[in-house]
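Working notes, beginning with the structure itself.
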Amino acid sequence: MTSPCSSAAVPQKTALVVASGRDIDELLTTVLASDGWSLHRADDNQHALALATTEPFDLIVTGRKMLGPDDVEILRRIRSARAHLRLIILTDRFTPGDVVSAMREGAFSYFSAPFDAAELAEMVRAAMAAPCWDDGIEVLSATPAWVRVAARCDTSTADRLVQFLRGVRDPSIPEGIISAFREVLLNAMEYGAHFDPSQHVEISFIRARRAVACRVKDPGQGFSLEELRHAAINNPADDLLSHVAAREAQGLRPGGFGLLLAKKLVDELIYSEQGNEVLLVKYIDPISQVA
Amino acid sequence: MGLQISIRESDDVTILDLRGRATIDAGESELLDGQLQRLVANGARKLLLNLTDLTRVDSSGISVIVGACVSLRHQGGDLRVLRPSGPVLEVFRVLHLLEAIPSFDDEARALASFRSRGQAASSSQRSL
C-alpha cells in the first residue's frame, strides 16, 4: 500500500464528460463550472479514450450507455497512461463483477442506473476536491462471494466505498445494511484510526446463499462495548437518550448513535474480544431467521 | 455542500427547511449543528425542523438533532420535526426517536403544538 500522494496545486483543472442525456449533462456542467473547471465533451466512451490519450484531464465521467466491462477496459487503458486521473463510471448495464473490477482498477466511483442525481453531484464534488485518491481503496482479493479490500481512513474514501457497494445493486443487499456498514466503517476510521489517512481499515464483504455479511477491522487498540457509557447502544430501554448526559459530562461532541443504528439495521452485530473487529450479518432467507 | 438550510419564522417558532442530507460526509452535520447552536444562542427556543426534503441522515445528523432537542428542553424550549420520510423516517423509527421527539405531517398542526404546551404528536412519547 502506498502512502498518500502530494497535493500540489494545479492552476486549471479540466474534466471530460461523456454524453449521458440532457439531465445528467446539465447537472455535471453546473457542478464542474461552479468550481471553475474547464469542461470538454465526448460523444461516447471511445471518443473519450481518444481524447484522453492526448489531453491530461483531471477527471472523466463516462457515459451511461456503455456496458460495464467496456467502462472498465477504458478505465484500465486511460489509467495506464494517466495514473492519477479520477474516473467516475456511469452505466446502465453491469454485473457485480464489473463493480469490483472498476474498484480494482482504481475508479473513483461507480454509479449504476438508476442512481440519485444529487448523490452523483456530491461524488463529482468529492472527486474535484480530492488532492489524492488512487491509493484509497485497494482490492486485496475478490471472488464473486467474497471481496476483501483495504480502505484509507478518511470520510471521502468511506463514501467512495459505500457508493461502490450501492453500485452492485444486489437486491439482497438492502439500503439498511449499506447504512449499517457505513456507520461501522466510519466508526472504525474515527475511533480506530482517528481519521489518519496513513492508516487503513480492512473490510470483507461476503455473499452467502442465505446471508450477506461484512467484516470491518480497524488498526486501533479496540474497546469494550459494555464500557461505552457515552454510546446509545448501552442506554436502558426506558431512557432512550441517557448517553447524551454522559457525553456532555465527558465534553464529547454530539454523537453516540452509530453502533445502535448499525445494530438495528442488521440481524447480527458481533464484536471480537479485542473490539477492533466487527461483523455485520443480514439474513436474506426468512426461514433461516426463524431457525 | 450536500445540505441546504433555509430559515423562516412563524410567531415565536423558528422553522428550518432542510434540503439534502444531514451526514458526516462533507461537514453537513457540522453545518446543521452550527446553525442550531447559533439560533439557540440568539434566543430561539422553539424549533421546527422541516425534514420533507431531507433525503438522508446518519448517526452524526441524528446526534445533532437530538443534542439540540435536549439542550432546548433544558432551557424550557423544544424541538419538533415535520414530515420525515423514506430513509430518514426509517432511521427515526429504528432508533425509537419518534417516541421522544414529536413528529408531524402537517405544518399548521406542528406550529399549533408549540402553543398548546404538552400536546404531542404521539400519546406515547417518552421524556428526555
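Residues are referred to by chain and number: the chain letter is A, B, ... according to the order shown in the C-alpha cells, the number counts from 1 in that chain, and ligands are numbered separately from 1 in the order shown.
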Set the distance at 12 Å and use only C-alpha atoms: which residues neighbour stretch 112-117 of chain B once local chain neighbours fewer than 2 positions away are removed? I'd like the list as a short mmCIF file (atom, residue, chain, number, x, y, z; two decimals) with N, CA, C and O atoms, in the first residue's frame.
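Final file, out_21.cif:
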```cif
data_model
loop_
_atom_site.label_atom_id
_atom_site.label_comp_id
_atom_site.auth_asym_id
_atom_site.auth_seq_id
_atom_site.Cartn_x
_atom_site.Cartn_y
_atom_site.Cartn_z
N SER B 10 -42.43 31.67 12.29
CA SER B 10 -43.87 31.77 12.42
C SER B 10 -44.14 32.07 13.89
O SER B 10 -43.97 31.18 14.74
N ASP B 11 -44.48 33.33 14.17
CA ASP B 11 -44.57 33.80 15.57
C ASP B 11 -43.25 33.50 16.28
O ASP B 11 -42.22 33.90 15.79
N ASP B 12 -43.31 32.77 17.38
CA ASP B 12 -42.07 32.51 18.11
C ASP B 12 -41.44 31.16 17.76
O ASP B 12 -40.53 30.69 18.45
N VAL B 13 -41.92 30.54 16.70
CA VAL B 13 -41.34 29.26 16.26
C VAL B 13 -40.39 29.52 15.09
O VAL B 13 -40.75 30.18 14.11
N THR B 14 -39.19 29.01 15.19
CA THR B 14 -38.22 29.09 14.10
C THR B 14 -38.27 27.79 13.31
O THR B 14 -38.12 26.70 13.88
N ILE B 15 -38.48 27.92 12.00
CA ILE B 15 -38.62 26.74 11.14
C ILE B 15 -37.38 26.63 10.27
O ILE B 15 -36.99 27.59 9.60
N ARG B 45 -36.11 29.31 21.02
CA ARG B 45 -36.42 28.24 21.98
C ARG B 45 -37.38 27.20 21.41
O ARG B 45 -37.56 26.14 21.97
N LYS B 46 -38.06 27.57 20.33
CA LYS B 46 -38.99 26.63 19.70
C LYS B 46 -38.55 26.41 18.26
O LYS B 46 -38.64 27.32 17.42
N LEU B 47 -38.05 25.22 18.00
CA LEU B 47 -37.52 24.92 16.67
C LEU B 47 -38.33 23.81 16.02
O LEU B 47 -38.62 22.79 16.65
N LEU B 48 -38.67 24.03 14.76
CA LEU B 48 -39.35 23.01 13.96
C LEU B 48 -38.45 22.68 12.78
O LEU B 48 -38.15 23.55 11.96
N GLY B 76 -36.14 25.16 28.64
CA GLY B 76 -37.57 25.44 28.59
C GLY B 76 -38.15 25.50 27.20
O GLY B 76 -39.30 25.89 27.02
N GLY B 77 -37.39 25.11 26.20
CA GLY B 77 -37.88 25.12 24.83
C GLY B 77 -38.15 23.71 24.33
O GLY B 77 -38.27 22.77 25.10
N ASP B 78 -38.24 23.59 23.01
CA ASP B 78 -38.46 22.25 22.46
C ASP B 78 -38.10 22.24 20.97
O ASP B 78 -38.00 23.30 20.33
N LEU B 79 -37.89 21.04 20.47
CA LEU B 79 -37.62 20.83 19.05
C LEU B 79 -38.57 19.76 18.55
O LEU B 79 -38.77 18.74 19.22
N ARG B 80 -39.16 19.99 17.40
CA ARG B 80 -40.06 19.02 16.79
C ARG B 80 -39.71 18.87 15.32
O ARG B 80 -39.02 19.72 14.75
N VAL B 81 -40.17 17.79 14.73
CA VAL B 81 -39.82 17.55 13.33
C VAL B 81 -41.08 17.42 12.49
O VAL B 81 -42.14 17.01 12.97
N LEU B 82 -40.91 17.80 11.23
CA LEU B 82 -42.03 17.81 10.29
C LEU B 82 -41.72 16.89 9.11
O LEU B 82 -40.68 17.03 8.47
N PRO B 102 -41.45 14.78 19.07
CA PRO B 102 -42.72 14.84 18.35
C PRO B 102 -42.53 15.06 16.86
O PRO B 102 -41.73 15.89 16.43
N SER B 103 -43.29 14.30 16.08
CA SER B 103 -43.22 14.39 14.63
C SER B 103 -44.61 14.65 14.07
O SER B 103 -45.59 14.09 14.56
N PHE B 104 -44.68 15.51 13.06
CA PHE B 104 -45.96 15.91 12.49
C PHE B 104 -45.93 15.78 10.97
O PHE B 104 -44.88 15.93 10.35
N ASP B 106 -48.25 17.67 9.28
CA ASP B 106 -48.89 18.91 8.86
C ASP B 106 -48.23 20.09 9.59
O ASP B 106 -48.13 20.09 10.83
N GLU B 107 -47.78 21.07 8.82
CA GLU B 107 -47.03 22.18 9.43
C GLU B 107 -47.91 22.99 10.38
O GLU B 107 -47.44 23.40 11.46
N ALA B 108 -49.15 23.21 10.00
CA ALA B 108 -50.03 24.01 10.87
C ALA B 108 -50.22 23.31 12.22
O ALA B 108 -50.21 23.96 13.28
N ARG B 109 -50.38 22.00 12.19
CA ARG B 109 -50.54 21.26 13.44
C ARG B 109 -49.24 21.29 14.26
O ARG B 109 -49.27 21.37 15.48
N ALA B 110 -48.13 21.21 13.55
CA ALA B 110 -46.84 21.26 14.26
C ALA B 110 -46.69 22.61 14.97
O ALA B 110 -46.29 22.67 16.14
N GLN B 119 -49.12 19.24 24.40
CA GLN B 119 -49.71 18.46 23.32
C GLN B 119 -48.61 17.88 22.46
O GLN B 119 -47.68 18.56 22.08
N ALA B 120 -48.72 16.62 22.18
CA ALA B 120 -47.68 15.98 21.41
C ALA B 120 -48.29 15.23 20.24
O ALA B 120 -49.48 14.97 20.20
N ALA B 121 -47.43 14.89 19.28
CA ALA B 121 -47.91 14.19 18.11
C ALA B 121 -48.31 12.76 18.43
O ALA B 121 -49.14 12.18 17.80
N SER B 122 -47.66 12.23 19.40
CA SER B 122 -47.95 10.86 19.78
C SER B 122 -48.26 10.81 21.27
O SER B 122 -47.61 11.45 22.07
#
```
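Of the residues in stretch 177-291 of chain A, those given strand (DSSP E) by DSSP on the backbone are His200, Val201, Glu202, Ile203, Ser204, Phe205, Ile206, Arg207, Ala211, Val212, Ala213, Cys214, Arg215, Val216, Lys217, Glu268, Leu269, Ile270, Tyr271, Glu277, Val278, Leu279, Leu280, Val281, Lys282 and Tyr283 of chain A.
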Taking N, CA and C atoms for each residue, export the selection above as a short mmCIF file (atom, residue, chain, number, x, y, z; two decimals), in the first residue's frame.
```
data_model
loop_
_atom_site.label_atom_id
_atom_site.label_comp_id
_atom_site.auth_asym_id
_atom_site.auth_seq_id
_atom_site.Cartn_x
_atom_site.Cartn_y
_atom_site.Cartn_z
N HIS A 200 -5.20 2.35 7.49
CA HIS A 200 -6.22 1.69 6.67
C HIS A 200 -7.06 0.74 7.52
N VAL A 201 -8.30 0.62 7.13
CA VAL A 201 -9.15 -0.43 7.71
C VAL A 201 -9.29 -1.53 6.67
N GLU A 202 -9.51 -2.74 7.16
CA GLU A 202 -9.66 -3.88 6.26
C GLU A 202 -11.12 -4.33 6.29
N ILE A 203 -11.67 -4.53 5.12
CA ILE A 203 -13.10 -4.85 5.01
C ILE A 203 -13.29 -6.09 4.16
N SER A 204 -14.19 -6.97 4.60
CA SER A 204 -14.60 -8.11 3.78
C SER A 204 -16.10 -8.06 3.57
N PHE A 205 -16.52 -8.23 2.33
CA PHE A 205 -17.93 -8.41 2.00
C PHE A 205 -18.12 -9.87 1.62
N ILE A 206 -19.06 -10.52 2.26
CA ILE A 206 -19.27 -11.94 2.00
C ILE A 206 -20.73 -12.15 1.62
N ARG A 207 -20.92 -12.77 0.46
CA ARG A 207 -22.28 -13.02 -0.03
C ARG A 207 -22.51 -14.53 0.05
N ALA A 211 -27.32 -15.33 3.52
CA ALA A 211 -26.97 -14.15 4.30
C ALA A 211 -25.93 -13.32 3.57
N VAL A 212 -25.88 -12.05 3.89
CA VAL A 212 -24.75 -11.23 3.50
C VAL A 212 -24.07 -10.78 4.78
N ALA A 213 -22.76 -10.68 4.73
CA ALA A 213 -22.01 -10.30 5.93
C ALA A 213 -20.92 -9.31 5.54
N CYS A 214 -20.53 -8.54 6.51
CA CYS A 214 -19.48 -7.55 6.29
C CYS A 214 -18.63 -7.49 7.55
N ARG A 215 -17.34 -7.62 7.37
CA ARG A 215 -16.41 -7.56 8.49
C ARG A 215 -15.53 -6.32 8.32
N VAL A 216 -15.38 -5.56 9.39
CA VAL A 216 -14.53 -4.37 9.36
C VAL A 216 -13.51 -4.49 10.49
N LYS A 217 -12.25 -4.38 10.15
CA LYS A 217 -11.17 -4.45 11.15
C LYS A 217 -10.38 -3.14 11.09
N GLU A 268 -27.39 -9.25 12.96
CA GLU A 268 -26.36 -9.55 13.95
C GLU A 268 -25.26 -8.50 13.86
N LEU A 269 -24.81 -8.05 15.00
CA LEU A 269 -23.64 -7.17 15.07
C LEU A 269 -22.75 -7.78 16.14
N ILE A 270 -21.59 -8.29 15.72
CA ILE A 270 -20.73 -9.06 16.63
C ILE A 270 -19.35 -8.43 16.67
N TYR A 271 -18.86 -8.14 17.87
CA TYR A 271 -17.50 -7.61 18.03
C TYR A 271 -16.56 -8.71 18.48
N GLU A 277 -12.57 -5.44 15.69
CA GLU A 277 -13.17 -6.09 14.53
C GLU A 277 -14.65 -6.24 14.79
N VAL A 278 -15.44 -5.96 13.77
CA VAL A 278 -16.89 -6.11 13.92
C VAL A 278 -17.44 -6.81 12.69
N LEU A 279 -18.43 -7.64 12.94
CA LEU A 279 -19.08 -8.40 11.88
C LEU A 279 -20.56 -8.04 11.83
N LEU A 280 -21.02 -7.66 10.65
CA LEU A 280 -22.45 -7.41 10.43
C LEU A 280 -23.02 -8.55 9.61
N VAL A 281 -24.18 -9.04 10.01
CA VAL A 281 -24.83 -10.12 9.27
C VAL A 281 -26.28 -9.74 9.01
N LYS A 282 -26.70 -9.92 7.76
CA LYS A 282 -28.10 -9.72 7.41
C LYS A 282 -28.60 -10.99 6.72
N TYR A 283 -29.60 -11.62 7.31
CA TYR A 283 -30.14 -12.84 6.70
C TYR A 283 -31.05 -12.46 5.54
#
```
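Ranking B:Val64, B:Leu72, B:Leu54, B:Ile101 by their shortest atom-to-atom distance to chain A, with only C-alpha atoms included, puts B:Val64 first.
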Next on the checklist: Could you work out which residues of chain B fall inside 6 Å of chain A? Count only C-alpha atoms, and format the result as a ChimeraX atom specification.
Outcome noted: /B:59-60,63-64,67
Restricting it to N, CA and C atoms, dump the selection as a short mmCIF file (atom, residue, chain, number, x, y, z; two decimals), in the first residue's frame.
```cif
data_model
loop_
_atom_site.label_atom_id
_atom_site.label_comp_id
_atom_site.auth_asym_id
_atom_site.auth_seq_id
_atom_site.Cartn_x
_atom_site.Cartn_y
_atom_site.Cartn_z
N SER B 59 -25.89 8.77 11.73
CA SER B 59 -25.83 8.92 13.19
C SER B 59 -25.32 10.30 13.58
N SER B 60 -24.48 10.90 12.74
CA SER B 60 -23.97 12.23 13.10
C SER B 60 -25.10 13.26 13.01
N SER B 63 -27.50 12.72 15.87
CA SER B 63 -26.92 13.19 17.13
C SER B 63 -27.05 14.70 17.29
N VAL B 64 -26.89 15.41 16.19
CA VAL B 64 -27.03 16.87 16.23
C VAL B 64 -28.47 17.25 16.57
N GLY B 67 -29.15 16.29 20.20
CA GLY B 67 -28.43 17.20 21.09
C GLY B 67 -29.13 18.55 21.21
#
```
Next on the checklist: Quick one: residues within 8 Å of stretch 27-31 of chain A, only C-alpha atoms, excluding same-chain residues fewer than 4 positions away - as a list in words?
Outcome noted: Val17, Asp23, Asp35, Leu39, Ala117, Ala121, Val124 and Arg125 of chain A
Next on the checklist: Env of stretch 100-106 of chain A: 7 Å cut, atoms = only C-alpha atoms, seq-sep filter 3 positions within chain, self excluded. Answer as a PyMOL selection string.
Outcome noted: chain A and resi 72+76+96-97+134+138-139
Would you export the selected residues with N, CA and C atoms as a PDB file, in the first residue's frame, please?
```pdb
ATOM      1  N   VAL A  72     -14.773  -0.505 -17.753  1.00  0.00           N
ATOM      2  CA  VAL A  72     -13.584  -0.935 -17.012  1.00  0.00           C
ATOM      3  C   VAL A  72     -12.375  -0.986 -17.936  1.00  0.00           C
ATOM      4  N   ARG A  76      -8.983   1.073 -17.546  1.00  0.00           N
ATOM      5  CA  ARG A  76      -7.664   0.450 -17.485  1.00  0.00           C
ATOM      6  C   ARG A  76      -6.705   1.129 -18.474  1.00  0.00           C
ATOM      7  N   PRO A  96     -22.139  -7.362 -10.901  1.00  0.00           N
ATOM      8  CA  PRO A  96     -21.371  -7.082  -9.679  1.00  0.00           C
ATOM      9  C   PRO A  96     -19.868  -7.204  -9.917  1.00  0.00           C
ATOM     10  N   GLY A  97     -19.476  -8.145 -10.813  1.00  0.00           N
ATOM     11  CA  GLY A  97     -18.054  -8.298 -11.113  1.00  0.00           C
ATOM     12  C   GLY A  97     -17.471  -7.055 -11.757  1.00  0.00           C
ATOM     13  N   ASP A 134      -6.052   7.732  -5.378  1.00  0.00           N
ATOM     14  CA  ASP A 134      -5.991   6.435  -6.027  1.00  0.00           C
ATOM     15  C   ASP A 134      -5.362   5.339  -5.184  1.00  0.00           C
ATOM     16  N   GLU A 138      -7.897  -0.435  -1.979  1.00  0.00           N
ATOM     17  CA  GLU A 138      -7.121  -1.482  -2.632  1.00  0.00           C
ATOM     18  C   GLU A 138      -7.864  -2.802  -2.502  1.00  0.00           C
ATOM     19  N   VAL A 139      -8.147  -3.417  -3.629  1.00  0.00           N
ATOM     20  CA  VAL A 139      -8.796  -4.737  -3.594  1.00  0.00           C
ATOM     21  C   VAL A 139      -7.721  -5.772  -3.291  1.00  0.00           C
TER      22      VAL A 139
END
```
Item to check | DSSP alpha helix (DSSP H) residues within stretch 134-243 of chain A, listed as a ChimeraX atom specification | outcome: /A:155-168,175-193,242-243
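For the residues A:Leu185, A:Ile78, A:Val168, A:Ala151, ranking by smallest atom-to-atom distance to A:Ser112 using only C-alpha atoms places A:Val168 first.
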Next on the checklist: Please list as a VMD selection string every residue within 8 Å of B:Ala68, counting only C-alpha atoms and excluding residues in the same chain fewer than 5 positions away.
Outcome noted: chain B and resid 33 36 to 37 79
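Atom CA of A:Leu87 lies 24.2 Å from atom CA of A:Phe195.
Distance-wise, atom CA of B:Gly86 and atom CA of B:Leu16 end up 19.0 Å apart.
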